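Chemist: structure_6.tsv (TSV, C-alpha atoms) pasted underneath:
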```
chain	number	residue	atom	x	y	z
A	8	MET	CA	-97.93	-36.95	-44.03
A	9	ALA	CA	-97.74	-36.84	-40.24
A	10	VAL	CA	-94.39	-37.53	-38.57
A	11	PRO	CA	-94.64	-40.25	-35.93
A	12	TRP	CA	-92.87	-38.38	-33.16
A	13	GLU	CA	-92.69	-41.43	-30.96
A	14	ILE	CA	-90.44	-43.15	-33.49
A	15	VAL	CA	-88.29	-40.05	-34.04
A	16	ILE	CA	-87.85	-39.47	-30.30
A	17	SER	CA	-87.16	-43.13	-29.68
A	18	THR	CA	-84.57	-43.28	-32.47
A	19	ALA	CA	-82.93	-40.01	-31.41
A	20	GLY	CA	-82.78	-41.26	-27.81
A	21	GLY	CA	-81.13	-44.49	-28.94
A	22	VAL	CA	-78.56	-42.61	-31.03
A	23	ALA	CA	-77.81	-40.21	-28.15
A	24	ALA	CA	-77.44	-43.08	-25.68
A	25	THR	CA	-75.08	-44.86	-28.08
A	26	VAL	CA	-72.93	-41.75	-28.55
A	27	VAL	CA	-72.79	-41.10	-24.80
A	28	GLY	CA	-71.93	-44.77	-24.17
A	29	VAL	CA	-69.10	-44.76	-26.71
A	30	PHE	CA	-67.71	-41.52	-25.26
A	31	ALA	CA	-67.94	-42.76	-21.66
A	32	GLY	CA	-66.38	-46.09	-22.62
A	33	GLY	CA	-63.50	-44.27	-24.29
A	34	VAL	CA	-62.88	-42.12	-21.22
A	35	VAL	CA	-63.01	-45.08	-18.84
A	36	GLY	CA	-60.85	-47.23	-21.13
A	37	ARG	CA	-58.24	-44.52	-21.55
A	38	ARG	CA	-58.10	-43.93	-17.80
A	39	GLY	CA	-57.61	-47.67	-17.27
A	40	GLN	CA	-54.81	-47.74	-19.84
A	41	ASN	CA	-53.11	-44.76	-18.21
A	42	GLU	CA	-53.28	-46.37	-14.79
A	43	GLN	CA	-51.86	-49.61	-16.20
A	44	TRP	CA	-49.04	-47.68	-17.87
A	45	VAL	CA	-48.17	-45.92	-14.59
A	46	ARG	CA	-48.24	-49.26	-12.71
A	47	ASP	CA	-46.00	-50.91	-15.31
A	48	ASN	CA	-43.52	-48.02	-15.21
A	49	ARG	CA	-43.42	-48.05	-11.42
A	50	THR	CA	-42.86	-51.78	-11.35
A	51	ALA	CA	-40.02	-51.58	-13.88
A	52	THR	CA	-38.42	-48.66	-12.02
A	53	TYR	CA	-38.68	-50.41	-8.66
A	54	ALA	CA	-37.15	-53.56	-10.16
A	55	THR	CA	-34.24	-51.55	-11.58
A	56	PHE	CA	-33.67	-49.85	-8.24
A	57	LEU	CA	-33.67	-53.18	-6.38
A	58	ARG	CA	-31.32	-54.73	-8.97
A	59	GLU	CA	-28.88	-51.84	-8.47
A	60	PHE	CA	-29.23	-52.12	-4.69
A	61	VAL	CA	-28.30	-55.80	-4.85
A	62	ALA	CA	-25.24	-55.05	-7.02
A	63	VAL	CA	-24.08	-52.34	-4.59
A	64	GLU	CA	-24.79	-54.43	-1.51
A	65	ILE	CA	-22.95	-57.49	-2.85
A	66	GLU	CA	-19.88	-55.43	-3.78
A	67	LEU	CA	-19.85	-53.70	-0.39
A	68	ARG	CA	-20.24	-57.00	1.45
A	69	THR	CA	-17.47	-58.59	-0.60
A	70	ALA	CA	-15.16	-55.62	-0.05
A	71	PHE	CA	-15.94	-55.64	3.68
A	72	LEU	CA	-15.09	-59.32	4.05
A	73	ALA	CA	-11.95	-59.01	1.91
A	74	ASP	CA	-10.93	-55.87	3.81
A	75	ARG	CA	-10.36	-53.98	0.57
A	76	PRO	CA	-11.75	-50.79	-0.95
A	77	HIS	CA	-14.99	-51.23	-2.85
A	78	ARG	CA	-14.98	-51.09	-6.65
A	79	LEU	CA	-18.39	-49.53	-7.13
A	80	ASP	CA	-19.55	-47.56	-10.12
A	81	TRP	CA	-22.14	-45.33	-8.46
A	82	ALA	CA	-23.67	-44.10	-11.75
A	83	PRO	CA	-26.19	-46.97	-12.19
A	84	TRP	CA	-27.25	-46.69	-8.53
A	85	ASN	CA	-27.74	-42.94	-8.80
A	86	ALA	CA	-29.64	-43.26	-12.10
A	87	ALA	CA	-31.96	-45.84	-10.55
A	88	LEU	CA	-32.48	-43.60	-7.52
A	89	VAL	CA	-33.37	-40.60	-9.69
A	90	ALA	CA	-35.77	-42.68	-11.80
A	91	LEU	CA	-37.40	-44.00	-8.63
A	92	SER	CA	-37.87	-40.46	-7.33
A	93	LEU	CA	-39.91	-39.63	-10.44
A	94	VAL	CA	-42.50	-42.41	-10.02
A	95	ALA	CA	-42.42	-43.49	-6.37
A	96	THR	CA	-45.13	-42.96	-3.81
A	97	ARG	CA	-44.14	-41.02	-0.68
A	98	GLU	CA	-43.79	-44.24	1.31
A	99	VAL	CA	-41.54	-45.87	-1.27
A	100	ALA	CA	-39.45	-42.72	-1.64
A	101	ALA	CA	-38.98	-42.59	2.15
A	102	ALA	CA	-37.92	-46.24	2.25
A	103	ALA	CA	-35.49	-45.65	-0.64
A	104	ALA	CA	-34.00	-42.68	1.20
A	105	GLU	CA	-33.57	-44.79	4.33
A	106	LEU	CA	-31.95	-47.57	2.32
A	107	THR	CA	-29.69	-45.08	0.54
A	108	GLY	CA	-28.51	-43.76	3.90
A	109	ALA	CA	-27.69	-47.28	5.07
A	110	VAL	CA	-25.79	-47.99	1.84
A	111	GLY	CA	-23.80	-44.79	2.32
A	112	ARG	CA	-22.94	-45.70	5.91
A	113	PHE	CA	-21.90	-49.19	4.82
A	114	ALA	CA	-19.70	-47.73	2.04
A	115	GLU	CA	-18.05	-45.49	4.64
A	116	LEU	CA	-17.52	-48.49	6.91
A	117	VAL	CA	-15.88	-50.43	4.09
A	118	ALA	CA	-13.49	-47.50	3.54
A	119	ARG	CA	-12.51	-47.34	7.23
A	120	SER	CA	-9.91	-49.31	9.06
A	121	PRO	CA	-10.20	-51.07	11.40
A	122	LYS	CA	-13.68	-52.46	10.90
A	123	THR	CA	-15.67	-53.85	13.81
A	124	ARG	CA	-18.87	-55.74	14.45
A	125	GLU	CA	-20.16	-52.76	16.39
A	126	ASP	CA	-19.74	-50.57	13.32
A	127	LEU	CA	-21.55	-53.13	11.19
A	128	ARG	CA	-24.41	-53.38	13.71
A	129	GLU	CA	-24.87	-49.60	13.61
A	130	VAL	CA	-25.33	-49.77	9.85
A	131	GLN	CA	-27.79	-52.65	10.17
A	132	GLU	CA	-29.82	-51.12	13.00
A	133	ALA	CA	-30.80	-48.16	10.84
A	134	LEU	CA	-33.02	-50.48	8.82
A	135	ASP	CA	-36.19	-51.65	10.55
A	136	TRP	CA	-37.26	-53.81	7.59
A	137	GLN	CA	-35.72	-56.11	5.04
A	138	LEU	CA	-36.14	-56.74	1.33
A	139	GLY	CA	-36.12	-60.51	1.58
A	140	GLY	CA	-33.54	-63.19	2.04
A	141	PRO	CA	-31.39	-63.10	5.15
A	142	PRO	CA	-31.57	-60.09	7.46
A	143	ALA	CA	-29.38	-57.19	6.39
A	144	TRP	CA	-25.74	-58.27	6.27
A	145	ALA	CA	-26.38	-61.16	8.68
A	146	MET	CA	-24.09	-63.39	6.68
A	147	THR	CA	-21.30	-60.81	6.98
A	148	GLU	CA	-21.37	-60.12	10.70
A	149	PRO	CA	-19.87	-63.44	11.88
A	150	TYR	CA	-16.76	-62.65	9.85
A	151	ALA	CA	-16.36	-59.11	11.18
A	152	PRO	CA	-13.75	-58.49	13.90
A	153	GLU	CA	-15.15	-58.41	17.44
A	154	SER	CA	-13.61	-55.02	18.26
A	155	ALA	CA	-11.05	-52.53	17.09
A	156	ALA	CA	-8.59	-53.99	19.61
A	157	GLU	CA	-8.95	-57.43	18.03
A	158	GLY	CA	-8.38	-55.97	14.56
A	159	SER	CA	-5.03	-54.51	15.69
A	160	ALA	CA	-3.91	-57.57	17.69
```
Rewrite the coordinates I just gave you, this time as structure tokens.

Modeler:
Amino acid sequence: MAVPWEIVISTAGGVAATVVGVFAGGVVGRRGQNEQWVRDNRTATYATFLREFVAVEIELRTAFLADRPHRLDWAPWNAALVALSLVATREVAAAAAELTGAVGRFAELVARSPKTREDLREVQEALDWQLGGPPAWAMTEPYAPESAAEGSA
């Protein structure tokens, strides 16, 4: 009996196309899942970092206005910063470093006496962007002493 090669070739071609399609679909699907996982992890890490920033910023602002030492536990902030460094893009990492510097300067200002508006402005001027809400520490500045001389008067 003669083998109808057209049917065999056609069937083999269909099977090969199906196998290649399943393989390609698996690769594309897995890549999509990996990208989604990275996006989800970045988003969660960024949210944690911003939550810790807000906690630090509120405590520093409160301590500044009350003219008392801050009561910060730096461990959550530092953990969020390390986690961010593992997943952040270069741009985000640079912005986080800039923000961290401003937080450090503000913490130093809170620890100093006397405190002045000029000192507060120096901390604020380092940031050329904002996260949302009022501009950086804008609600604090009106309550800051005008100058060191006023603080001692």

Chemist: Which residues come within 9 Å of A:Ala109, counting only C-alpha atoms, excluding same-chain residues fewer than 2 positions away, as a short mmCIF file (atom, residue, chain, number, x, y, z; two decimals) with C-alpha atoms, in the frame of the given file?

Modeler:
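Dumped everything to part-v9.cif:
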```cif
data_model
loop_
_atom_site.label_atom_id
_atom_site.label_comp_id
_atom_site.auth_asym_id
_atom_site.auth_seq_id
_atom_site.Cartn_x
_atom_site.Cartn_y
_atom_site.Cartn_z
CA ALA A 104 -34.00 -42.68 1.20
CA GLU A 105 -33.57 -44.79 4.33
CA LEU A 106 -31.95 -47.57 2.32
CA THR A 107 -29.69 -45.08 0.54
CA GLY A 111 -23.80 -44.79 2.32
CA ARG A 112 -22.94 -45.70 5.91
CA PHE A 113 -21.90 -49.19 4.82
CA ALA A 114 -19.70 -47.73 2.04
CA VAL A 130 -25.33 -49.77 9.85
CA GLN A 131 -27.79 -52.65 10.17
CA ALA A 133 -30.80 -48.16 10.84
CA LEU A 134 -33.02 -50.48 8.82
#
```

Chemist: For a quick check of understanding, using only C-alpha atoms, which of A:Leu57, A:Ala70, A:Leu116, A:Val63 has the smallest distance to A:Ala87?

Modeler: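 The answer is A:Leu57, which sits nearest to A:Ala87.
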
Chemist: What does the structure give for the distance between atom CA of A:Asn85 and atom CA of A:Glu115, in Å to one decimal?

Modeler: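 Rounded to one decimal, the two atoms are 16.8 Å apart.
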
Chemist: Report, in Å to a single decimal, how far apart atom CA of A:Ser92 and atom CA of A:Thr52 are.

Modeler: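 Distance between the two atoms: 9.5 Å.
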
Chemist: For A:His77, which residue out of A:Val89, A:Val27, A:Val22, A:Ala118 is the nearest one, using all atoms listed in the file?

Modeler: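 That would be A:Ala118, the residue with the smallest distance to A:His77.
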
Chemist: Some atoms are absent from stretch 78-100 of chain A, so rebuild N, CA, C and O atoms and return them as a short mmCIF file (atom, residue, chain, number, x, y, z; two decimals), keeping the file's coordinate frame.

Modeler:
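As written to disk, rebuild13.cif reads:
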```cif
data_model
loop_
_atom_site.label_atom_id
_atom_site.label_comp_id
_atom_site.auth_asym_id
_atom_site.auth_seq_id
_atom_site.Cartn_x
_atom_site.Cartn_y
_atom_site.Cartn_z
N ARG A 78 -15.21 -51.44 -5.24
CA ARG A 78 -14.98 -51.09 -6.65
C ARG A 78 -16.30 -50.72 -7.30
O ARG A 78 -16.62 -51.19 -8.40
N LEU A 79 -17.06 -49.87 -6.65
CA LEU A 79 -18.39 -49.53 -7.13
C LEU A 79 -18.36 -48.45 -8.18
O LEU A 79 -17.60 -47.49 -8.09
N ASP A 80 -19.22 -48.62 -9.17
CA ASP A 80 -19.55 -47.56 -10.12
C ASP A 80 -20.90 -47.04 -9.65
O ASP A 80 -21.92 -47.72 -9.80
N TRP A 81 -20.93 -45.86 -9.07
CA TRP A 81 -22.14 -45.33 -8.46
C TRP A 81 -23.16 -44.83 -9.48
O TRP A 81 -24.31 -44.57 -9.14
N ALA A 82 -22.76 -44.67 -10.74
CA ALA A 82 -23.67 -44.10 -11.75
C ALA A 82 -24.97 -44.91 -11.91
O ALA A 82 -26.05 -44.32 -11.90
N PRO A 83 -24.93 -46.24 -12.05
CA PRO A 83 -26.19 -46.97 -12.19
C PRO A 83 -27.09 -46.85 -10.95
O PRO A 83 -28.30 -46.74 -11.07
N TRP A 84 -26.48 -46.86 -9.77
CA TRP A 84 -27.25 -46.69 -8.53
C TRP A 84 -27.94 -45.33 -8.52
O TRP A 84 -29.13 -45.23 -8.23
N ASN A 85 -27.18 -44.28 -8.82
CA ASN A 85 -27.74 -42.94 -8.80
C ASN A 85 -28.82 -42.76 -9.87
O ASN A 85 -29.84 -42.11 -9.61
N ALA A 86 -28.62 -43.34 -11.04
CA ALA A 86 -29.64 -43.26 -12.10
C ALA A 86 -30.92 -43.96 -11.66
O ALA A 86 -32.02 -43.44 -11.88
N ALA A 87 -30.78 -45.12 -11.03
CA ALA A 87 -31.96 -45.84 -10.55
C ALA A 87 -32.67 -45.05 -9.45
O ALA A 87 -33.90 -45.02 -9.40
N LEU A 88 -31.90 -44.40 -8.60
CA LEU A 88 -32.48 -43.60 -7.52
C LEU A 88 -33.24 -42.40 -8.07
O LEU A 88 -34.35 -42.09 -7.62
N VAL A 89 -32.69 -41.74 -9.08
CA VAL A 89 -33.37 -40.60 -9.69
C VAL A 89 -34.66 -41.06 -10.38
O VAL A 89 -35.71 -40.43 -10.24
N ALA A 90 -34.58 -42.16 -11.13
CA ALA A 90 -35.77 -42.68 -11.80
C ALA A 90 -36.85 -43.04 -10.78
O ALA A 90 -38.03 -42.74 -10.98
N LEU A 91 -36.44 -43.64 -9.68
CA LEU A 91 -37.40 -44.00 -8.63
C LEU A 91 -38.06 -42.75 -8.06
O LEU A 91 -39.27 -42.74 -7.82
N SER A 92 -37.30 -41.68 -7.90
CA SER A 92 -37.87 -40.46 -7.33
C SER A 92 -38.95 -39.86 -8.23
O SER A 92 -39.80 -39.11 -7.75
N LEU A 93 -38.93 -40.18 -9.50
CA LEU A 93 -39.91 -39.63 -10.44
C LEU A 93 -41.26 -40.35 -10.38
O LEU A 93 -42.29 -39.77 -10.71
N VAL A 94 -41.26 -41.62 -9.96
CA VAL A 94 -42.50 -42.41 -10.02
C VAL A 94 -42.96 -42.94 -8.67
O VAL A 94 -44.07 -43.44 -8.56
N ALA A 95 -42.12 -42.85 -7.65
CA ALA A 95 -42.42 -43.49 -6.37
C ALA A 95 -43.49 -42.76 -5.58
O ALA A 95 -43.62 -41.54 -5.66
N THR A 96 -44.22 -43.54 -4.79
CA THR A 96 -45.13 -42.96 -3.81
C THR A 96 -44.28 -42.39 -2.68
O THR A 96 -43.08 -42.68 -2.57
N ARG A 97 -44.88 -41.59 -1.81
CA ARG A 97 -44.14 -41.02 -0.68
C ARG A 97 -43.53 -42.11 0.20
O ARG A 97 -42.40 -41.97 0.67
N GLU A 98 -44.27 -43.17 0.44
CA GLU A 98 -43.79 -44.24 1.31
C GLU A 98 -42.58 -44.93 0.69
O GLU A 98 -41.60 -45.22 1.38
N VAL A 99 -42.65 -45.20 -0.60
CA VAL A 99 -41.54 -45.87 -1.27
C VAL A 99 -40.33 -44.94 -1.31
O VAL A 99 -39.20 -45.37 -1.09
N ALA A 100 -40.55 -43.68 -1.60
CA ALA A 100 -39.45 -42.72 -1.64
C ALA A 100 -38.77 -42.63 -0.27
O ALA A 100 -37.54 -42.56 -0.18
#
```
